[in-house]
Amino acid sequence: MRTPRPALRLTSLAAASGLLFAGAAAMAQGGNPNAGPTPTTSVPQALASTTQLETVVVTGIRRALETSVNLKRSSSGLVDGIVAEDIGKFPDTNLAESLSRISGVSIDRANGEGTRITVRGMGPDFNLVLLNGRQMPGSSVDGGAPSSRSFDFSNLAADGVAALEVYKTSRASSPTGGMGATINVRTPRPLDTRDTIAQVGVKLVNDDSARRLPGEEQGKKLTPEVSGIYSTQTNDGSFGIALMGTYQVRDSGYSQANVSSGWKTFDGIKDNNWDGANAIWGGLPPAPTADIKNRPVAGSVYSVPQNLNYSFTGVHRERLNGQLVLQYKPTKDLIGTLDFVMSEQKFRQRRNDISAWFNYGGQFGEYQTGSPASPIIYGEKIPAGNADLAMGASRIQTKNKNQQIGLNLKWKANDALNFEFDAHHSTATSGANDPLGTSVTLGTASMNRGDTSVDFSNKFPVLMIKGTTLDPAAQQLQGSVFGNSYQKNRINQIQTKGNWKIDADSSLDFGLTLTDVSNRSAFANVQRDTWGNNAAGGPAGLPDNIWKADSISKYFQNIPGAGDPRLFNQFFYFNFEDLRAAAIKTLGSDTLLKASFDWQDDFRTTEKSQAVFGQYNLGWEMGVPMEVAIGARYERTKVSSPSVEKIPVSVAWVANNEVPISFNGTRSSGRDGKYGYFLPSIDFSADVTSDTKLRASYGQTIGRPGWNAIQGGLKLDPLARVDGGSGSVGNPNLKPLKSSNLDFSAEHYYAKSSYVAASYFRKSLKDYNEAVINSTSLFDLHTPIGNAMYKQAQTTGGCGADSDCIRKYIFTNFPNAPGVNGTTGTSLGSITAQPSDPLLMFKIGSYINNQRTSKLSGIELNAQHIFGNTGFGVSANYTKVKSNLNYNNAKAGAQTDVLVGLGNSGNLVGFFENETFSTRIAYNWRGKFLAANYGGSEGAQPLYVEPFGQFDLSVGYNYTKNLRLQLEMINFTDEYTRTHLRNENQIGAVTQLGRRIMLGARYKF
């Protein structure tokens, strides 16, 4: 019977924790993972042998590639990885960008930087991120509970990371949640090498997007980054300490054209009901009433925009990362590691925008033929002075803070038995870094907008307005929103594991995990709803010197269509603080111009899980060497979600399509749930030749629902529309999405660090978390929309669905009716709902488990070639995925059996390296994919990200053996991004970004 290779015996997380750095576990004493470090170059533990150790010293890019290839080749199951070229020298400045180089992995970008990942078509919700084998918390301040549990990689600087391991097949020892993949972020350990390491690094960052902004948003031309690493151990190797820290400042920005309030979608057959009192708000009037070319026919699905917005946002970010690691090895059989990791990001954003809002009266334009149909040109005829040209200023100041403290103990009880204990306490907190709130907006407008239309036929939507010019004297104060959010995610986790070497050919891994996860989402909103011509103070209420005129097109120069001469090419930018000071003076108080920290919506969810696992590992020969790992994990979870909810008390109609809800007081609520799963797994591999490996894997995994899906409280949006209100409520009894996974792969390693590989994967998905919408009335709330005065305006007044016409009719003909609060000069007042008015209907989004089974499958192709000793190398990969979970764009209404993130991706990387010089150019491409599936207000819609490719370049020069200079260029061809809904004319947003250039130096002492 043959002697099995140690690498394939180490299939538990306890063994895998030493995969990449084995200075302190170099198998010097009979494969002991706690043996003293060897003086040779660090070799991955899973690749080492007690009798065969290669001591060839390889450095730089090639060393990282060789280590990554060896990780892939020797691991049980399908594993890919990115390894640092040296401590403090990760291949990319952003971890998500590094992960996107791996086949099957694609990333979501925010402000031009990678944040979250999709693996094999499974979106961020369904990929688990671990830090040194520990589950990572995540938080955000997005106005609601986080929809994703995935960790935001922009929180961690790459300098303090040793490796990224991507496990694409399930393992019994891993925590649940990684349906696409489980990603383990490995940080360096001081006992990994005998050498004392001391180095500092500095960078200057030039982000040209920061200077492509109006004056108030422009950032600095150059911003700094500094980092430092110190790692050492005692002479006897019994104690080690490592300290790492980075501080980064980045000024950036982006300009965006978007339909920020979304599109309303209709089934064309319903337009036959256009008969005054039954008119559909937003629907197109029947021909020949409206001048609409190619008007959508009965039975087709068509959409109308709610607004068009041009925005200009400057972003200032400060990021601080720190790590402290203490290791103690009192004997050769025991090693303890205590580590602390922290990250803190502070964001400050300033935004100016200009927008035109549509009220669905006097429509004209041209539509595409067929279904779905979106406008080529959409317009509305507007009587002079009846509509606002809105301009706003926003300030966002938030802070995200992550902390983890953990203890790990590894003990070799005897030659056959090893144990590992790991415990950690981790938190992620997000909230305001500003007494005014997390996201605050002040609105202004001039009431002089004429006929308005938008041409959607090009990549850039062109806004056209007739008979309107900017005039500082016409600007007046509008409504304001001072939103405040707080999120905290906490994880307490204990993991115990063991490995029993039964004989020379078999072993058993086993363990127990206890996990307690809590999430808190709290919100407060101070809103002043004086929109449209319901302004306070009038044009005289604000000083003229606040406004600074500028053109729009110069901020979108890379986007086709931005230079259209028909564009309404003017706007005012202004300083938020100046406007707020003038608003306080106009209103005589700042009561409604600052945030509340009294959390009236407060949702708390707790998950407590217990898991046990076991895995049997066997190696044998039957003509060729074979390996199998058979395991199972049983996990049960209890969910509890108490909440505090705001109580709505009244509704008023204050502007054409704004119907705000007033709240007073709170109430307690909450729900519970539980579930349990038995999850088997099996990994098989065969070395059919010394260079060719075949693998087959089967496993079952689960993906837990997002926090928004299981929080038990009801959250109502504070601003209803003419067609009703919206809100959401979670379902704590929601089960996770379950996947049965089948994987096959073939790998041929034809030269050192050179290989080709192909993989096929198939996932069968069950219990899909389906978003549903229920229409219901709540709290006995009434609305003036649809009351007797409203219907009379529609019919007798001839207003149809024109809300501006209806409001004017009511104020003219019913000035003293109950709830009608009259006018002030030319400003219309508000209409408060009465008990005799219709009930306000809410579209409440929630989640259920879809019992249908769905499929996802795909292929991955990989190739990497090193051209001998020339220093040149190239790698490429391509992933293609398909599924029946696709959105039907020609179908109106909510669709929930769809998969977010599904799309193809590819990479091409070339490099050259010698002792003095290194360069790498990388192209990353991601095909069209569904980024979001809106199931709630303003009509259910898909949101697609259009294909995007980006070139990155890095050049390094070793000036001396201690000093290295580095130049990096991110997105150096200056690409832009674009999203759309049902078709390309139905734009979501098009965003002008920019290139980022970094010049740095790293010195080793």
# chains A, B, ... in the order shown; residues from 1 in each chain; ligands from 1
>>> select_by_dssp(residues="stretch 560-662 of chain A", states="alpha helix (DSSP H)", output="number ranges by chain")
A: 576-587
>>> residues_around(residues="A:Lys399", least_positions_apart="4", cutoff="7 Å", atoms="only C-alpha atoms", output="number ranges by chain")
A: 345-347, 430-433
>>> residues_around(residues="stretch 522-530 of chain A", least_positions_apart="5", cutoff="9 Å", atoms="only C-alpha atoms", output="ChimeraX atom specification")
/A:143-145,437,477-487,535-536,592-604,654-655,658-660,718-719
>>> residues_around(residues="stretch 244-258 of chain A", least_positions_apart="5", cutoff="7 Å", atoms="only C-alpha atoms", output="short mmCIF file (atom, residue, chain, number, x, y, z; two decimals) with N, CA and C atoms, in the first residue's frame")
data_model
loop_
_atom_site.label_atom_id
_atom_site.label_comp_id
_atom_site.auth_asym_id
_atom_site.auth_seq_id
_atom_site.Cartn_x
_atom_site.Cartn_y
_atom_site.Cartn_z
N ASN A 111 -17.68 53.64 -6.69
CA ASN A 111 -16.73 54.74 -6.86
C ASN A 111 -15.42 54.25 -7.46
N GLY A 160 -1.81 44.37 4.65
CA GLY A 160 -1.78 43.48 5.80
C GLY A 160 -2.33 42.11 5.53
N ASP A 207 -6.00 60.82 -8.23
CA ASP A 207 -7.27 60.33 -8.77
C ASP A 207 -7.89 61.46 -9.58
N SER A 209 -10.54 61.65 -11.13
CA SER A 209 -11.99 61.84 -10.99
C SER A 209 -12.31 62.93 -9.97
N ALA A 210 -11.38 63.17 -9.02
CA ALA A 210 -11.62 64.18 -7.99
C ALA A 210 -11.59 65.59 -8.55
N GLY A 219 -11.59 67.49 -5.02
CA GLY A 219 -10.67 67.05 -3.99
C GLY A 219 -9.25 67.50 -4.28
N LYS A 220 -8.32 67.05 -3.45
CA LYS A 220 -6.92 67.41 -3.61
C LYS A 220 -6.30 66.64 -4.77
N THR A 223 -3.08 62.67 -2.68
CA THR A 223 -3.40 62.26 -1.31
C THR A 223 -2.41 61.17 -0.90
N PRO A 224 -2.15 61.04 0.42
CA PRO A 224 -1.10 60.12 0.86
C PRO A 224 -1.64 58.76 1.31
N GLU A 225 -0.73 57.78 1.25
CA GLU A 225 -0.93 56.48 1.89
C GLU A 225 0.38 56.10 2.56
N VAL A 226 0.30 55.65 3.80
CA VAL A 226 1.49 55.20 4.51
C VAL A 226 1.20 53.85 5.15
N SER A 227 2.20 53.01 5.22
CA SER A 227 2.03 51.69 5.83
C SER A 227 3.32 51.30 6.52
N GLY A 228 3.19 50.43 7.50
CA GLY A 228 4.34 49.93 8.21
C GLY A 228 4.10 48.53 8.73
N ILE A 229 5.14 47.70 8.71
CA ILE A 229 5.06 46.32 9.18
C ILE A 229 6.30 46.01 10.00
N TYR A 230 6.08 45.40 11.16
CA TYR A 230 7.19 44.92 11.98
C TYR A 230 6.83 43.53 12.48
N LEU A 308 -35.40 62.93 -14.38
CA LEU A 308 -34.05 62.78 -14.89
C LEU A 308 -33.15 63.66 -14.04
N ASN A 309 -32.02 63.10 -13.65
CA ASN A 309 -31.14 63.78 -12.70
C ASN A 309 -29.71 63.74 -13.20
N TYR A 310 -29.02 64.87 -13.08
CA TYR A 310 -27.57 64.94 -13.29
C TYR A 310 -26.95 65.29 -11.93
N SER A 311 -26.03 64.46 -11.47
CA SER A 311 -25.43 64.71 -10.16
C SER A 311 -23.91 64.71 -10.25
N PHE A 312 -23.28 65.41 -9.31
CA PHE A 312 -21.84 65.62 -9.29
C PHE A 312 -21.39 65.43 -7.83
N THR A 313 -20.65 64.35 -7.58
CA THR A 313 -20.35 63.95 -6.21
C THR A 313 -18.85 63.87 -5.97
N GLY A 314 -18.40 64.54 -4.94
CA GLY A 314 -17.02 64.44 -4.50
C GLY A 314 -16.94 63.59 -3.25
N VAL A 315 -15.93 62.71 -3.19
CA VAL A 315 -15.79 61.76 -2.09
C VAL A 315 -14.41 61.90 -1.46
N HIS A 316 -14.40 62.04 -0.15
CA HIS A 316 -13.15 62.04 0.62
C HIS A 316 -13.21 60.85 1.57
N ARG A 317 -12.22 59.98 1.46
CA ARG A 317 -12.20 58.78 2.31
C ARG A 317 -10.89 58.71 3.07
N GLU A 318 -11.01 58.37 4.34
CA GLU A 318 -9.85 58.08 5.17
C GLU A 318 -10.01 56.66 5.69
N ARG A 319 -8.97 55.85 5.50
CA ARG A 319 -9.03 54.45 5.94
C ARG A 319 -7.83 54.14 6.83
N LEU A 320 -8.14 53.59 7.99
CA LEU A 320 -7.11 53.19 8.95
C LEU A 320 -7.25 51.70 9.22
N ASN A 321 -6.18 50.95 9.03
CA ASN A 321 -6.15 49.51 9.32
C ASN A 321 -5.04 49.22 10.30
N GLY A 322 -5.28 48.28 11.20
CA GLY A 322 -4.25 47.88 12.13
C GLY A 322 -4.38 46.41 12.49
N GLN A 323 -3.23 45.76 12.72
CA GLN A 323 -3.20 44.36 13.16
C GLN A 323 -2.11 44.18 14.21
N LEU A 324 -2.45 43.44 15.23
CA LEU A 324 -1.47 43.05 16.24
C LEU A 324 -1.61 41.55 16.45
N TYR A 555 -18.66 67.55 -17.63
CA TYR A 555 -18.43 66.52 -16.61
C TYR A 555 -18.76 65.12 -17.12
N PHE A 556 -19.13 65.01 -18.40
CA PHE A 556 -19.47 63.71 -18.99
C PHE A 556 -18.79 63.53 -20.35
N ILE A 987 -32.76 53.73 -19.03
CA ILE A 987 -31.50 53.87 -18.30
C ILE A 987 -31.73 53.85 -16.79
N GLY A 988 -30.77 53.23 -16.10
CA GLY A 988 -30.70 53.38 -14.66
C GLY A 988 -29.77 54.54 -14.34
N ALA A 989 -28.49 54.37 -14.73
CA ALA A 989 -27.51 55.44 -14.52
C ALA A 989 -26.33 55.21 -15.44
N VAL A 990 -25.69 56.29 -15.83
CA VAL A 990 -24.41 56.23 -16.52
C VAL A 990 -23.46 57.10 -15.72
N THR A 991 -22.29 56.55 -15.42
CA THR A 991 -21.39 57.19 -14.46
C THR A 991 -20.03 57.42 -15.06
N GLN A 992 -19.58 58.65 -14.99
CA GLN A 992 -18.23 59.03 -15.42
C GLN A 992 -17.30 58.89 -14.23
N LEU A 993 -16.32 58.01 -14.33
CA LEU A 993 -15.38 57.78 -13.22
C LEU A 993 -14.07 58.49 -13.51
#
>>> atom_distance(atom1="atom CA of A:Gln404", atom2="atom CA of A:Asp339")
8.0 Å
>>> residues_around(residues="A:Gln610", least_positions_apart="5", cutoff="12 Å", atoms="only C-alpha atoms", output="VMD selection string")
chain A and resid 175 to 176 493 to 496 511 to 517 633 to 638 674 to 677
>>> write_last_selection(atoms="C-alpha atoms", output="PDB file, in the first residue's frame")
ATOM      1  CA  PRO A 175     -19.173  27.641   8.425  1.00  0.00           C
ATOM      2  CA  THR A 176     -22.289  27.697   6.272  1.00  0.00           C
ATOM      3  CA  GLN A 493     -17.962  32.291  17.624  1.00  0.00           C
ATOM      4  CA  ILE A 494     -16.261  29.264  19.166  1.00  0.00           C
ATOM      5  CA  GLN A 495     -14.808  26.528  16.970  1.00  0.00           C
ATOM      6  CA  THR A 496     -13.219  23.304  18.176  1.00  0.00           C
ATOM      7  CA  GLY A 511     -15.455  19.496  15.261  1.00  0.00           C
ATOM      8  CA  LEU A 512     -18.086  21.641  16.916  1.00  0.00           C
ATOM      9  CA  THR A 513     -19.007  25.287  16.221  1.00  0.00           C
ATOM     10  CA  LEU A 514     -21.148  27.663  18.287  1.00  0.00           C
ATOM     11  CA  THR A 515     -22.068  30.955  16.624  1.00  0.00           C
ATOM     12  CA  ASP A 516     -24.080  33.876  17.973  1.00  0.00           C
ATOM     13  CA  VAL A 517     -24.754  36.626  15.418  1.00  0.00           C
ATOM     14  CA  ARG A 633     -22.205  18.958   8.726  1.00  0.00           C
ATOM     15  CA  TYR A 634     -25.348  19.354  10.789  1.00  0.00           C
ATOM     16  CA  GLU A 635     -26.354  22.864  11.738  1.00  0.00           C
ATOM     17  CA  ARG A 636     -29.412  24.248  13.482  1.00  0.00           C
ATOM     18  CA  THR A 637     -30.317  27.921  13.899  1.00  0.00           C
ATOM     19  CA  LYS A 638     -32.803  29.925  15.939  1.00  0.00           C
ATOM     20  CA  LYS A 674     -35.834  28.313  13.342  1.00  0.00           C
ATOM     21  CA  TYR A 675     -34.402  25.746  10.936  1.00  0.00           C
ATOM     22  CA  GLY A 676     -31.911  22.878  10.778  1.00  0.00           C
ATOM     23  CA  TYR A 677     -29.911  21.275   7.954  1.00  0.00           C
TER      24      TYR A 677
END
>>> atom_distance(atom1="atom CA of A:Thr870", atom2="atom CA of A:Phe917")
12.7 Å
>>> select_by_dssp(residues="stretch 91-307 of chain A", states="strand (DSSP E or B)", output="ChimeraX atom specification")
/A:94,105-110,113-119,122,128-131,134-135,157,163-167,182-186,197-207,223-233,239-258,263-267,291-293,301-305,307
>>> atom_distance(atom1="atom CA of A:Val161", atom2="atom CA of A:Arg73")
21.9 Å
>>> closest_residue(among="A:Leu714, A:Ala652, A:Ala390, A:Leu508", to="A:Leu618", atoms="only C-alpha atoms")
A:Leu508
>>> residues_around(residues="stretch 177-188 of chain A", least_positions_apart="4", cutoff="7 Å", atoms="only C-alpha atoms", output="VMD selection string")
chain A and resid 119 to 120 122 126 to 133 160 to 169 701 to 704 739
>>> decode(residues="stretch 518-554 of chain A", atoms="C-alpha atoms", output="mmCIF file, in the first residue's frame")
data_model
loop_
_atom_site.group_PDB
_atom_site.id
_atom_site.type_symbol
_atom_site.label_atom_id
_atom_site.label_comp_id
_atom_site.auth_asym_id
_atom_site.auth_seq_id
_atom_site.Cartn_x
_atom_site.Cartn_y
_atom_site.Cartn_z
ATOM 1 C CA SER A 518 -26.751 39.769 16.110
ATOM 2 C CA ASN A 519 -27.687 42.607 13.794
ATOM 3 C CA ARG A 520 -29.154 45.981 14.718
ATOM 4 C CA SER A 521 -30.614 48.406 12.161
ATOM 5 C CA ALA A 522 -31.914 51.713 13.484
ATOM 6 C CA PHE A 523 -33.234 54.770 11.632
ATOM 7 C CA ALA A 524 -34.512 58.254 12.244
ATOM 8 C CA ASN A 525 -35.735 60.718 9.639
ATOM 9 C CA VAL A 526 -36.406 64.444 9.844
ATOM 10 C CA GLN A 527 -38.147 65.566 6.682
ATOM 11 C CA ARG A 528 -39.506 68.935 5.633
ATOM 12 C CA ASP A 529 -41.978 68.328 2.805
ATOM 13 C CA THR A 530 -42.319 71.673 1.076
ATOM 14 C CA TRP A 531 -41.739 70.644 -2.512
ATOM 15 C CA GLY A 532 -42.788 72.151 -5.826
ATOM 16 C CA ASN A 533 -44.544 75.494 -5.535
ATOM 17 C CA ASN A 534 -45.111 75.055 -1.811
ATOM 18 C CA ALA A 535 -41.858 76.826 -0.904
ATOM 19 C CA ALA A 536 -41.139 78.945 2.163
ATOM 20 C CA GLY A 537 -39.783 82.457 1.786
ATOM 21 C CA GLY A 538 -40.145 82.493 -1.987
ATOM 22 C CA PRO A 539 -37.282 83.551 -4.284
ATOM 23 C CA ALA A 540 -36.405 86.392 -1.923
ATOM 24 C CA GLY A 541 -35.696 83.940 0.906
ATOM 25 C CA LEU A 542 -32.222 82.997 -0.338
ATOM 26 C CA PRO A 543 -29.304 85.322 -1.213
ATOM 27 C CA ASP A 544 -28.287 85.381 -4.872
ATOM 28 C CA ASN A 545 -24.565 85.053 -4.157
ATOM 29 C CA ILE A 546 -24.954 81.394 -3.143
ATOM 30 C CA TRP A 547 -25.381 80.245 -6.733
ATOM 31 C CA LYS A 548 -22.493 79.530 -9.109
ATOM 32 C CA ALA A 549 -23.343 78.780 -12.747
ATOM 33 C CA ASP A 550 -21.717 75.887 -14.573
ATOM 34 C CA SER A 551 -22.246 73.647 -17.601
ATOM 35 C CA ILE A 552 -23.273 69.993 -17.482
ATOM 36 C CA SER A 553 -21.626 68.429 -20.521
ATOM 37 C CA LYS A 554 -18.017 69.025 -19.475
#
